[in-house]
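Colleague: I am sharing final37.cif, which consists of mmCIF, C-alpha atoms:
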data_model
loop_
_atom_site.label_atom_id
_atom_site.label_comp_id
_atom_site.auth_asym_id
_atom_site.auth_seq_id
_atom_site.Cartn_x
_atom_site.Cartn_y
_atom_site.Cartn_z
CA MET E 1 5.92 16.69 3.65
CA SER E 2 5.27 19.85 5.62
CA THR E 3 5.56 23.01 3.59
CA ASP E 4 8.07 24.23 6.16
CA ALA E 5 10.53 21.48 5.23
CA PRO E 6 13.23 22.49 2.72
CA ALA E 7 12.19 21.97 -0.91
CA ASP E 8 15.61 20.46 -1.68
CA PRO E 9 16.88 19.39 1.72
CA SER E 10 19.96 17.43 0.69
CA PRO E 11 22.53 20.24 1.03
CA GLN E 12 21.09 21.66 4.26
CA PRO E 13 21.79 20.59 7.85
CA ALA E 14 18.93 18.95 9.66
CA PRO E 15 17.36 21.09 12.39
CA GLU E 16 17.67 19.71 15.90
CA PRO E 17 14.25 18.85 17.36
CA LEU E 18 13.75 19.25 21.11
CA ASN E 19 13.38 15.48 21.25
CA PRO E 20 14.06 13.75 17.91
CA PRO E 21 10.95 11.82 16.84
CA ALA E 22 10.76 8.05 16.86
CA GLY E 23 11.42 7.83 13.15
CA GLN E 24 10.39 4.19 12.71
CA GLY E 25 12.51 3.95 9.58
CA GLU E 26 10.95 6.30 7.03
CA SER E 27 13.22 9.40 7.22
CA PRO E 28 11.79 11.69 9.93
CA LEU E 29 14.51 14.20 9.02
CA PRO E 30 14.25 15.72 5.52
CA THR E 31 17.97 15.10 4.92
CA ALA E 32 17.99 11.45 5.96
CA ASP E 33 18.18 8.65 3.41
CA ALA E 34 18.28 4.86 3.61
CA ALA E 35 22.01 4.84 4.38
CA TYR E 36 21.41 7.20 7.28
CA TRP E 37 18.96 4.79 8.88
CA GLU E 38 21.20 1.80 8.28
CA ALA E 39 23.94 3.61 10.17
CA ALA E 40 21.50 4.64 12.91
CA ALA E 41 20.05 1.16 13.46
CA ALA E 42 22.64 0.07 16.04
CA SER E 43 21.93 3.04 18.34
CA PHE E 44 18.32 3.74 17.40
CA ASP E 45 16.88 2.15 20.54
CA ASP E 46 18.97 4.37 22.82
CA GLU E 47 16.28 7.06 22.60
CA PRO E 48 13.68 6.42 25.32
CA ASP E 49 10.70 6.53 22.94
CA HIS E 50 12.46 4.33 20.35
CA GLY E 51 13.68 1.38 22.38
CA LEU E 52 11.08 1.65 25.18
CA ARG E 53 13.70 0.21 27.54
CA ASP E 54 12.48 2.27 30.48
CA PRO E 55 9.54 0.37 32.04
CA ALA E 56 7.63 3.62 32.58
CA VAL E 57 8.00 4.68 28.93
CA ARG E 58 7.09 1.22 27.72
CA ALA E 59 4.01 1.12 29.93
CA ALA E 60 2.92 4.56 28.71
CA TRP E 61 3.03 3.50 25.05
CA ALA E 62 1.36 0.17 25.81
CA ALA E 63 -1.50 1.97 27.56
CA ARG E 64 -1.99 4.32 24.62
CA LEU E 65 -1.99 1.46 22.11
CA ARG E 66 -4.74 -0.30 24.06
CA THR E 67 -6.99 2.70 23.51
CA TRP E 68 -6.04 3.13 19.84
CA LEU E 69 -6.25 -0.49 18.68
CA PRO E 70 -9.32 -2.81 18.69
CA SER E 71 -9.99 -4.72 21.89
CA GLY E 72 -10.01 -8.09 20.13
CA PRO E 73 -7.27 -9.58 17.94
CA ALA E 74 -6.81 -7.42 14.84
CA ALA E 75 -4.59 -7.33 11.76
CA VAL E 76 -2.21 -4.40 12.36
CA LEU E 77 0.14 -2.98 9.71
CA ASP E 78 2.99 -1.02 11.33
CA LEU E 79 4.56 1.13 8.60
CA GLY E 80 8.07 2.42 9.19
CA CYS E 81 8.26 0.02 12.12
CA GLY E 82 11.95 0.70 12.82
CA THR E 83 13.29 -1.76 15.37
CA GLY E 84 9.78 -3.01 16.09
CA SER E 85 9.07 -1.51 19.51
CA LEU E 86 5.43 -0.64 18.78
CA SER E 87 4.99 -3.82 16.74
CA LEU E 88 6.07 -5.82 19.77
CA LEU E 89 3.61 -4.02 22.06
CA ALA E 90 0.78 -4.68 19.60
CA ALA E 91 1.75 -8.37 19.29
CA GLU E 92 1.87 -8.71 23.07
CA GLN E 93 -1.69 -7.35 23.17
CA GLY E 94 -2.82 -10.22 20.94
CA HIS E 95 -2.79 -8.55 17.52
CA HIS E 96 -1.49 -10.05 14.27
CA VAL E 97 1.25 -7.65 13.21
CA THR E 98 2.93 -6.95 9.90
CA GLY E 99 5.85 -4.53 10.18
CA ILE E 100 7.42 -2.74 7.21
CA ASP E 101 10.62 -0.69 7.19
CA ARG E 102 13.05 0.43 4.50
CA SER E 103 16.17 -0.35 6.57
CA PRO E 104 17.40 -3.97 6.64
CA GLY E 105 19.34 -3.13 9.79
CA MET E 106 16.20 -1.95 11.56
CA ILE E 107 14.27 -4.97 10.30
CA ALA E 108 16.90 -7.38 11.62
CA ARG E 109 16.47 -5.92 15.10
CA ALA E 110 12.69 -5.94 14.80
CA ARG E 111 12.70 -9.62 13.85
CA THR E 112 14.81 -10.40 16.92
CA LYS E 113 12.38 -8.52 19.18
CA LEU E 114 9.32 -10.24 17.72
CA ALA E 115 10.71 -13.76 17.57
CA GLY E 116 8.06 -16.14 18.90
CA HIS E 117 5.18 -13.77 18.18
CA GLU E 118 2.65 -13.92 15.35
CA ALA E 119 4.26 -11.25 13.22
CA ALA E 120 5.67 -10.75 9.72
CA ILE E 121 8.50 -8.20 9.50
CA LEU E 122 9.42 -7.13 5.96
CA VAL E 123 11.79 -4.75 4.21
CA GLY E 124 9.88 -2.23 2.10
CA GLU E 125 8.80 1.37 1.65
CA ALA E 126 6.10 2.77 3.90
CA ALA E 127 4.51 4.69 1.03
CA GLU E 128 4.11 1.50 -1.05
CA PRO E 129 4.00 -1.43 1.40
CA PRO E 130 4.79 -4.83 -0.17
CA VAL E 131 1.63 -6.52 1.13
CA GLY E 132 -0.13 -7.38 -2.13
CA GLU E 133 -3.87 -7.82 -1.78
CA ARG E 134 -3.88 -8.16 2.01
CA ARG E 135 -6.18 -5.92 4.06
CA PHE E 136 -5.77 -4.77 7.65
CA ASP E 137 -7.95 -3.57 10.51
CA VAL E 138 -5.42 -0.91 11.55
CA VAL E 139 -2.59 0.93 9.81
CA LEU E 140 -0.21 2.28 12.47
CA VAL E 141 2.36 4.91 11.46
CA ARG E 142 4.62 6.82 13.85
CA HIS E 143 6.63 9.87 12.73
CA VAL E 144 6.79 8.86 9.08
CA LEU E 145 4.09 10.65 7.12
CA TRP E 146 5.42 14.21 7.38
CA ALA E 147 8.74 13.23 5.75
CA LEU E 148 7.20 11.53 2.69
CA PRO E 149 7.22 13.50 -0.58
CA ASP E 150 3.46 13.09 -1.14
CA PRO E 151 1.62 12.51 2.15
CA ALA E 152 -1.82 12.78 0.53
CA ALA E 153 -1.00 9.95 -1.88
CA ALA E 154 0.42 7.85 0.96
CA LEU E 155 -2.77 8.34 2.99
CA ARG E 156 -4.91 7.23 0.06
CA ARG E 157 -2.74 4.13 -0.38
CA TRP E 158 -2.94 3.31 3.33
CA ALA E 159 -6.69 3.83 3.45
CA GLY E 160 -6.96 1.37 0.55
CA LEU E 161 -5.22 -1.25 2.68
CA LEU E 162 -7.89 -1.10 5.37
CA THR E 163 -10.98 -3.21 5.75
CA PRO E 164 -14.30 -1.27 5.76
CA GLY E 165 -14.48 0.60 9.05
CA GLY E 166 -10.73 0.18 9.60
CA ARG E 167 -8.60 2.75 11.40
CA LEU E 168 -5.54 4.87 10.64
CA VAL E 169 -3.43 5.55 13.75
CA LEU E 170 -1.08 8.41 12.83
CA VAL E 171 1.41 9.58 15.47
CA GLU E 172 2.91 12.85 14.26
CA GLY E 173 4.11 16.22 15.49
CA ARG E 174 5.98 19.42 14.79
CA TRP E 175 9.40 19.59 16.41
CA GLY E 176 11.93 22.35 17.06
CA GLU E 177 11.75 26.02 17.93
CA ALA E 178 13.91 28.17 15.63
CA ASP E 179 13.15 26.18 12.46
CA PRO E 180 10.41 23.68 13.28
CA VAL E 181 9.78 20.65 11.11
CA GLY E 182 6.87 18.24 11.02
CA LEU E 183 3.17 18.10 10.26
CA PRO E 184 0.76 20.21 12.36
CA ALA E 185 -2.39 18.48 13.53
CA ALA E 186 -4.62 20.88 11.61
CA GLU E 187 -2.80 20.13 8.36
CA LEU E 188 -2.98 16.38 8.83
CA THR E 189 -6.66 16.57 9.76
CA ALA E 190 -7.37 18.35 6.47
CA LEU E 191 -5.45 15.70 4.52
CA VAL E 192 -7.34 12.85 6.19
CA ALA E 193 -10.81 14.41 6.09
CA PRO E 194 -11.77 13.21 2.56
CA LEU E 195 -11.00 9.60 3.53
CA ALA E 196 -12.50 9.27 6.98
CA ALA E 197 -15.93 8.99 8.50
CA ARG E 198 -14.58 10.23 11.85
CA THR E 199 -11.32 11.77 13.04
CA GLN E 200 -10.01 12.45 16.52
CA VAL E 201 -6.83 14.26 17.55
CA GLU E 202 -5.29 13.43 20.91
CA SER E 203 -2.41 15.53 22.25
CA LEU E 204 0.65 13.58 23.42
CA ALA E 205 2.89 16.50 24.37
CA HIS E 206 1.60 16.74 27.93
CA ASP E 207 2.63 13.18 28.85
CA PRO E 208 6.40 13.08 29.56
CA ALA E 209 6.22 9.33 30.23
CA LEU E 210 5.87 8.78 26.46
CA TRP E 211 9.10 10.60 25.67
CA GLY E 212 11.21 9.98 28.75
CA LYS E 213 11.27 13.71 29.56
CA GLU E 214 9.25 16.91 29.38
CA VAL E 215 8.63 18.24 25.86
CA ALA E 216 7.40 21.62 24.69
CA ASP E 217 6.55 21.05 21.03
CA GLU E 218 3.47 19.70 19.23
CA ARG E 219 3.00 15.94 19.48
CA TYR E 220 -0.25 14.13 18.85
CA VAL E 221 -2.00 11.10 17.46
CA LEU E 222 -4.72 11.36 14.83
CA LEU E 223 -7.23 8.50 14.80
CA ALA E 224 -9.16 8.23 11.53
CA ASP E 225 -11.97 5.71 11.19
CA LEU E 226 -12.91 4.85 7.63
CA PRO E 227 -16.50 4.46 6.45
CA ARG E 228 -18.08 1.07 6.96
CA ARG E 229 -19.96 1.23 3.68
CA HIS E 230 -18.84 -1.11 0.93
CA THR E 231 -16.23 0.33 -1.43
CA GLU E 232 -14.17 -1.29 -4.16
CA VAL E 233 -10.97 -0.43 -5.99
CA VAL E 234 -11.44 0.04 -9.74
CA ASP E 235 -8.64 -1.42 -11.83
CA VAL E 236 -7.93 -1.36 -15.57
CA HIS E 237 -6.31 -3.96 -17.85
CA LEU E 238 -4.90 -3.52 -21.33
CA VAL E 239 -5.64 -6.24 -23.87
CA LEU E 240 -3.21 -5.25 -26.60
CA ARG E 241 -4.05 -7.30 -29.72
CA ARG E 242 -1.50 -8.22 -32.39
CA GLY E 243 -3.65 -10.31 -34.68
CA ASP E 244 -4.60 -13.35 -32.61
CA GLU E 245 -1.97 -12.58 -29.96
CA VAL E 246 -2.13 -10.56 -26.74
CA LEU E 247 0.68 -8.93 -24.76
CA LEU E 248 1.32 -10.16 -21.21
CA ALA E 249 3.75 -8.99 -18.53
CA ARG E 250 5.43 -11.22 -15.94
CA ARG E 251 5.12 -9.62 -12.49
CA ALA E 252 8.15 -9.22 -10.22
CA ASN E 253 8.96 -7.62 -6.84
CA THR E 254 5.42 -6.34 -6.22
CA GLY E 255 4.31 -8.52 -3.31
CA TYR E 256 1.36 -9.88 -5.31
CA ALA E 257 1.41 -12.69 -7.89
CA ASP E 258 5.11 -12.29 -8.58
CA GLY E 259 6.36 -14.66 -11.28
CA LEU E 260 2.95 -14.86 -12.98
CA PHE E 261 1.85 -13.37 -16.28
CA HIS E 262 -0.81 -10.66 -16.25
CA ALA E 263 -2.11 -8.05 -18.65
CA PRO E 264 -0.57 -4.58 -18.23
CA SER E 265 -2.77 -3.08 -15.55
CA GLY E 266 -3.24 -0.73 -12.62
CA HIS E 267 -5.97 1.03 -10.68
CA ALA E 268 -7.78 4.31 -11.20
CA GLU E 269 -6.57 7.21 -9.09
CA ASP E 270 -8.83 9.79 -7.46
CA GLY E 271 -10.41 12.02 -10.09
CA GLU E 272 -9.68 9.69 -13.03
CA ASP E 273 -12.24 7.93 -15.14
CA VAL E 274 -11.40 4.39 -16.23
CA ARG E 275 -10.30 5.38 -19.72
CA GLU E 276 -7.94 8.04 -18.39
CA ALA E 277 -6.56 5.48 -15.96
CA MET E 278 -5.93 2.99 -18.78
CA ILE E 279 -4.12 5.57 -20.88
CA ARG E 280 -1.90 6.53 -17.93
CA GLU E 281 -1.12 2.93 -16.96
CA ALA E 282 -0.31 1.97 -20.56
CA ALA E 283 2.20 4.83 -20.73
CA GLU E 284 3.74 4.00 -17.35
CA GLU E 285 4.06 0.24 -17.86
CA VAL E 286 4.63 -0.36 -21.58
CA GLY E 287 5.39 3.09 -22.99
CA LEU E 288 2.32 3.42 -25.20
CA ARG E 289 0.93 6.88 -25.95
CA LEU E 290 -2.71 5.94 -26.41
CA VAL E 291 -5.59 8.32 -27.06
CA PRO E 292 -9.22 7.64 -26.11
CA GLU E 293 -10.11 6.58 -29.63
CA ASP E 294 -7.57 3.73 -29.40
CA LEU E 295 -9.52 1.98 -26.64
CA ARG E 296 -12.61 -0.21 -26.66
CA VAL E 297 -14.19 -1.72 -23.56
CA ALA E 298 -13.94 -5.47 -24.02
CA LEU E 299 -15.08 -6.85 -20.66
CA VAL E 300 -16.00 -5.80 -17.11
CA MET E 301 -15.34 -8.16 -14.22
CA GLN E 302 -15.86 -8.07 -10.49
CA HIS E 303 -13.01 -10.12 -9.07
CA CYS E 304 -11.54 -10.96 -5.70
CA ALA E 305 -8.25 -12.58 -4.74
CA PRO E 306 -8.26 -15.23 -1.99
CA PRO E 307 -9.61 -13.97 1.36
CA PRO E 308 -9.00 -11.70 3.20
CA ALA E 309 -8.59 -9.62 0.02
CA ARG E 310 -11.41 -7.23 -0.88
CA PRO E 311 -13.34 -7.32 -4.20
CA ARG E 312 -12.38 -5.09 -7.12
CA ILE E 313 -14.03 -3.98 -10.35
CA GLY E 314 -11.82 -4.66 -13.36
CA TRP E 315 -12.24 -2.98 -16.75
CA PHE E 316 -10.53 -4.76 -19.67
CA PHE E 317 -9.78 -2.41 -22.60
CA GLU E 318 -8.77 -3.64 -26.05
CA ALA E 319 -6.32 -1.75 -28.26
CA ALA E 320 -4.72 -2.76 -31.57
CA TYR E 321 -0.98 -3.31 -31.92
CA GLY E 322 0.60 -0.15 -33.32
CA ALA E 323 -1.64 2.23 -31.42
CA GLY E 324 0.54 4.50 -29.32
CA GLY E 325 3.82 3.08 -30.59
CA GLU E 326 5.86 -0.04 -29.87
CA PRO E 327 5.38 -1.54 -26.39
CA TRP E 328 8.46 -1.88 -24.18
CA ASN E 329 9.14 -2.68 -20.55
CA ARG E 330 9.23 0.66 -18.73
CA GLU E 331 9.16 -0.90 -15.24
CA PRO E 332 11.85 -3.61 -15.18
CA ASP E 333 11.85 -3.44 -11.36
CA LYS E 334 8.23 -4.66 -11.39
CA CYS E 335 8.10 -6.61 -14.67
CA ALA E 336 10.49 -9.44 -15.51
CA GLU E 337 9.48 -9.69 -19.18
CA LEU E 338 6.92 -8.84 -21.84
CA ALA E 339 5.73 -11.60 -24.17
CA TRP E 340 3.09 -12.22 -26.85
CA PHE E 341 0.78 -15.24 -26.63
CA PRO E 342 -2.05 -16.52 -28.84
CA LEU E 343 -5.37 -15.76 -27.17
CA ASP E 344 -6.38 -19.42 -27.62
CA ALA E 345 -3.07 -20.71 -26.17
CA LEU E 346 -2.43 -18.61 -23.10
CA PRO E 347 0.24 -19.70 -20.60
CA ASP E 348 -0.82 -21.55 -17.46
CA ASP E 349 1.43 -19.46 -15.21
CA MET E 350 -1.01 -16.57 -15.13
CA VAL E 351 -2.96 -14.70 -12.49
CA ALA E 352 -6.19 -16.68 -12.30
CA TYR E 353 -8.67 -13.84 -12.67
CA CYS E 354 -6.78 -12.32 -15.60
CA ARG E 355 -6.78 -15.71 -17.32
CA ALA E 356 -10.52 -16.00 -16.69
CA GLY E 357 -11.07 -12.53 -18.11
CA LEU E 358 -9.18 -13.27 -21.33
CA ASP E 359 -10.89 -16.65 -21.68
CA GLY E 360 -14.24 -14.94 -21.22
CA LEU E 361 -13.37 -12.27 -23.76
CA ARG E 362 -12.35 -14.96 -26.29
CA ALA E 363 -15.70 -16.69 -25.70
CA GLY E 364 -17.55 -13.47 -26.49
CA HIS E 365 -18.64 -12.53 -22.96
CA ARG E 366 -18.73 -8.97 -21.66
CA PHE E 367 -19.53 -9.30 -17.93
CA LEU E 368 -18.04 -11.79 -15.45
CA LEU E 369 -17.64 -12.53 -11.77
CA HIS E 370 -14.46 -14.19 -10.52
CA ARG E 371 -14.18 -14.61 -6.75
CA HIS E 372 -11.69 -16.91 -5.09
CA ARG E 373 -12.67 -19.12 -2.17
CA PRO E 374 -10.54 -19.71 0.95
CA GLY E 375 -7.60 -21.91 0.05
CA ASP E 376 -7.61 -21.01 -3.65
CA ALA E 377 -4.31 -20.07 -5.27
CA ILE E 378 -3.78 -16.71 -6.93
CA ALA E 379 -2.27 -18.55 -9.89
CA TYR E 380 -4.40 -20.14 -12.58
CA ASP E 381 -4.74 -23.89 -12.07
CA PRO E 382 -5.90 -25.83 -15.15
CA ALA E 383 -7.08 -28.65 -12.89
CA GLY E 384 -8.65 -26.36 -10.29
CA PRO E 385 -12.23 -25.14 -9.95
CA ASP E 386 -13.52 -22.62 -12.48
CA ARG E 387 -14.50 -19.56 -10.45
CA ALA E 388 -15.73 -17.53 -13.42
CA VAL E 389 -19.46 -16.78 -13.50
CA VAL E 390 -20.91 -15.40 -16.72
CA LEU E 391 -23.36 -12.52 -16.23
CA ASP E 392 -24.35 -11.85 -19.85
CA GLY E 393 -25.49 -15.32 -20.92
CA PRO E 394 -25.37 -19.02 -20.12
CA GLY E 395 -22.44 -21.33 -20.61
CA PRO E 396 -18.84 -21.68 -19.52
CA THR E 397 -16.23 -19.00 -20.16
CA GLY E 398 -13.71 -21.24 -21.91
#
Written as structure tokens, that's how I'd like the structure from this file.
Modeller:
Amino acid sequence: MSTDAPADPSPQPAPEPLNPPAGQGESPLPTADAAYWEAAAASFDDEPDHGLRDPAVRAAWAARLRTWLPSGPAAVLDLGCGTGSLSLLAAEQGHHVTGIDRSPGMIARARTKLAGHEAAILVGEAAEPPVGERRFDVVLVRHVLWALPDPAAALRRWAGLLTPGGRLVLVEGRWGEADPVGLPAAELTALVAPLAARTQVESLAHDPALWGKEVADERYVLLADLPRRHTEVVDVHLVLRRGDEVLLARRANTGYADGLFHAPSGHAEDGEDVREAMIREAAEEVGLRLVPEDLRVALVMQHCAPPPARPRIGWFFEAAYGAGGEPWNREPDKCAELAWFPLDALPDDMVAYCRAGLDGLRAGHRFLLHRHRPGDAIAYDPAGPDRAVVLDGPGPTG
């Protein structure tokens, strides 16, 4: 959020922008919460740049989108999509759209607008979109980023959802005169710079057709093209051993592999090494206070969920039961249960690559590949093809 926004905005009145931004669901006003947007859903499209009911305003946004989005059909993720006005324009231009918004009321209207188009419209938070392992050619965000509590973290998350060479399309501004709020272009450019190969800022304030009237404040779009070089997320997995048993967590409400067992896991953040990441994730997910000496690298695996997911590098760390305390479910909103299983009698309802990793570890291997093919299920299938490839010696993993 802009440093000019109140640090604790809840007790303060919201300043009145010259033309309130098209919020697209994720609180453009520092004081607004989910209930605010539910109440606003019925009248949200009354603003010219929200509903795009005026043919001139609609045509102006459609023309801009054609220059911001790829010329051919692309996978577009519209975060904070509101009532779906921009999602609809993108779908009409031939793109495959996924829209995310926190407000069920907004989403209901977006689904009505996009009925008959190739689009998925989902309730969820813009900062943590519920899209699992999916990757997109474009992430489109209008008047959302400045109101998030940690815009830098949101940008890193969004960049991680893009295919190599993908594009962030960030429509932002700074609104109001006496007490302006928003995100200046220079500040957003600095936030995006570490992620992008190229950035371009295009002013939108001079085009009244976009807003349905003349405006005098800062409005712009920042286009950020990511590098085309190959990059991979690094994730970490805890193999907590209690004798011959290992601890598994059943995923829930994450958008990826929900209902399946998986080792406690997560991905390394910027600036972390893999051991630091494992210690942090163990504390966040199962309440363990591990120290570096508690961990031993058991296995390293390059893995990839079914296409169009991108490959990842997974580090599996072993720790002994008792290290760091007693494990407990610290994230019941994301984990339905914790359970112990014998390493030689793992459940079938597991994430396939995690099952392959534990089977490989039991067989004494240290390096594996596990890459799904088109049509493969994320879940382990005892009768399905074995996608594990051993890199440190011959023979099967099981």
Colleague: Which residue is closest to Leu161 of chain E? Choose from E:Glu232, E:Asp294, E:Glu326, E:Glu214 and count all atoms listed in the file.
Modeller: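 Answer, going by the shortest atom-to-atom distance: E:Glu232.
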Colleague: Tell me which residues the PyMOL selection byres ((chain E and resi 322) around 12) grabs here, as a PDB file with C-alpha atoms, in the frame of the given file.
Modeller:
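result11.pdb was written with the following content:
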ATOM      1  CA  LEU E 240      -3.210  -5.250 -26.600  1.00  0.00           C
ATOM      2  CA  ARG E 241      -4.050  -7.300 -29.720  1.00  0.00           C
ATOM      3  CA  ARG E 242      -1.500  -8.220 -32.390  1.00  0.00           C
ATOM      4  CA  GLY E 243      -3.650 -10.310 -34.680  1.00  0.00           C
ATOM      5  CA  GLY E 287       5.390   3.090 -22.990  1.00  0.00           C
ATOM      6  CA  LEU E 288       2.320   3.420 -25.200  1.00  0.00           C
ATOM      7  CA  ARG E 289       0.930   6.880 -25.950  1.00  0.00           C
ATOM      8  CA  LEU E 290      -2.710   5.940 -26.410  1.00  0.00           C
ATOM      9  CA  ASP E 294      -7.570   3.730 -29.400  1.00  0.00           C
ATOM     10  CA  ALA E 319      -6.320  -1.750 -28.260  1.00  0.00           C
ATOM     11  CA  ALA E 320      -4.720  -2.760 -31.570  1.00  0.00           C
ATOM     12  CA  TYR E 321      -0.980  -3.310 -31.920  1.00  0.00           C
ATOM     13  CA  ALA E 323      -1.640   2.230 -31.420  1.00  0.00           C
ATOM     14  CA  GLY E 324       0.540   4.500 -29.320  1.00  0.00           C
ATOM     15  CA  GLY E 325       3.820   3.080 -30.590  1.00  0.00           C
ATOM     16  CA  GLU E 326       5.860  -0.040 -29.870  1.00  0.00           C
ATOM     17  CA  PRO E 327       5.380  -1.540 -26.390  1.00  0.00           C
TER      18      PRO E 327
END
Colleague: Determine the residue membership of the PyMOL selection byres ((chain E and resi 308-318) around 8) for the file above and supply it as a PyMOL selection string.
Modeller: chain E and resi 133-135+163+232-241+274+278+295-307+319-320+357+371
Colleague: What gap, in Å, lies between atom CA of His117 of chain E and atom CA of Val76 of chain E?
Modeller: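 These two atoms are separated by 13.3 Å.
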Colleague: Using the chain letters and numbers from the file, give me the residues hit by the PyMOL selection byres ((chain E and resi 79-95) around 8), as a ChimeraX atom specification.
Modeller: /E:23-26,41,44-45,50-52,61-62,65-66,72-78,96-103,106-111,113-114,117-119,125-126,129,139-142,144
Colleague: Please report, as JSON, the centre and edge lengths in Å to one decimal of an axis-aligned box covering all listed atoms of segment 263-267 of chain E with 4 Å per side.
Modeller:
{"center_x": -3.3, "center_y": -3.5, "center_z": -14.7, "size_x": 13.4, "size_y": 17.1, "size_z": 16.0}
Colleague: Ranking E:Gly266, E:Gly259, E:Pro227, E:Gly160 by minimum distance to Asp349 of chain E and counting all atoms listed in the file, which one comes first?
Modeller: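 The closest residue to Asp349 of chain E is E:Gly259.
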Colleague: Report the distance between atom CA of Pro264 of chain E and atom CA of Trp340 of chain E in Å, rounded to one decimal place.
Modeller: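 Going from atom CA of Pro264 of chain E over to atom CA of Trp340 of chain E, I get 12.1 Å.
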Colleague: When you count all atoms listed in the file, which of these residues is closest to Leu170 of chain E: E:Ala186, E:Leu222, E:Ala249, E:Ala56?
Modeller: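 Ranked by minimum distance to Leu170 of chain E, first place goes to E:Leu222.
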Colleague: For atom CA of Pro184 of chain E and atom CA of Pro55 of chain E, quote the distance in Å rounded to one decimal.
Modeller: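 Those two atoms sit 29.3 Å apart.
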Colleague: Would you please work out which residue, of E:Arg275, E:Val246, E:His262, E:Ala352, is nearest to Pro385 of chain E when using all atoms listed in the file?
Modeller: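 Between E:Arg275, E:Val246, E:His262, E:Ala352, the residue approaching Pro385 of chain E most closely is E:Ala352.
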Colleague: Would you kindly return, as an mmCIF file with C-alpha atoms, in the coordinates of the input, each protein, DNA or RNA residue with an atom no farther than 10 Å from any atom of Val201 of chain E, considering all atoms listed in the file and excluding same-chain residues fewer than 3 positions away?
Modeller:
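Here's the written file selection-v3.cif:
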data_model
loop_
_atom_site.group_PDB
_atom_site.id
_atom_site.type_symbol
_atom_site.label_atom_id
_atom_site.label_comp_id
_atom_site.auth_asym_id
_atom_site.auth_seq_id
_atom_site.Cartn_x
_atom_site.Cartn_y
_atom_site.Cartn_z
ATOM 1 C CA LEU E 170 -1.080 8.410 12.830
ATOM 2 C CA VAL E 171 1.410 9.580 15.470
ATOM 3 C CA ALA E 185 -2.390 18.480 13.530
ATOM 4 C CA ALA E 186 -4.620 20.880 11.610
ATOM 5 C CA LEU E 188 -2.980 16.380 8.830
ATOM 6 C CA THR E 189 -6.660 16.570 9.760
ATOM 7 C CA LEU E 204 0.650 13.580 23.420
ATOM 8 C CA TYR E 220 -0.250 14.130 18.850
ATOM 9 C CA VAL E 221 -2.000 11.100 17.460
ATOM 10 C CA LEU E 222 -4.720 11.360 14.830
ATOM 11 C CA LEU E 223 -7.230 8.500 14.800
ATOM 12 C CA ALA E 224 -9.160 8.230 11.530
#
Colleague: Ranking E:Asp137, E:Glu285, E:Asp217, E:Glu202 by minimum distance to Arg174 of chain E and counting all atoms listed in the file, which one comes first?
Modeller: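 Checking each candidate against Arg174 of chain E, we get E:Asp217 as the closest.
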Colleague: Taking only C-alpha atoms into account, name the residue in E:Ala154, E:Ala127, E:Leu226, E:Leu260 that is nearest to Gly166 of chain E.
Modeller: E:Leu226
Colleague: What's around Leu210 of chain E at 7 Å? Count only C-alpha atoms, leave out sequence neighbours fewer than 6 positions away in its own chain, and write the answer as a list in words.
Modeller: Asp49, Val57, Ala60 and Trp61 of chain E
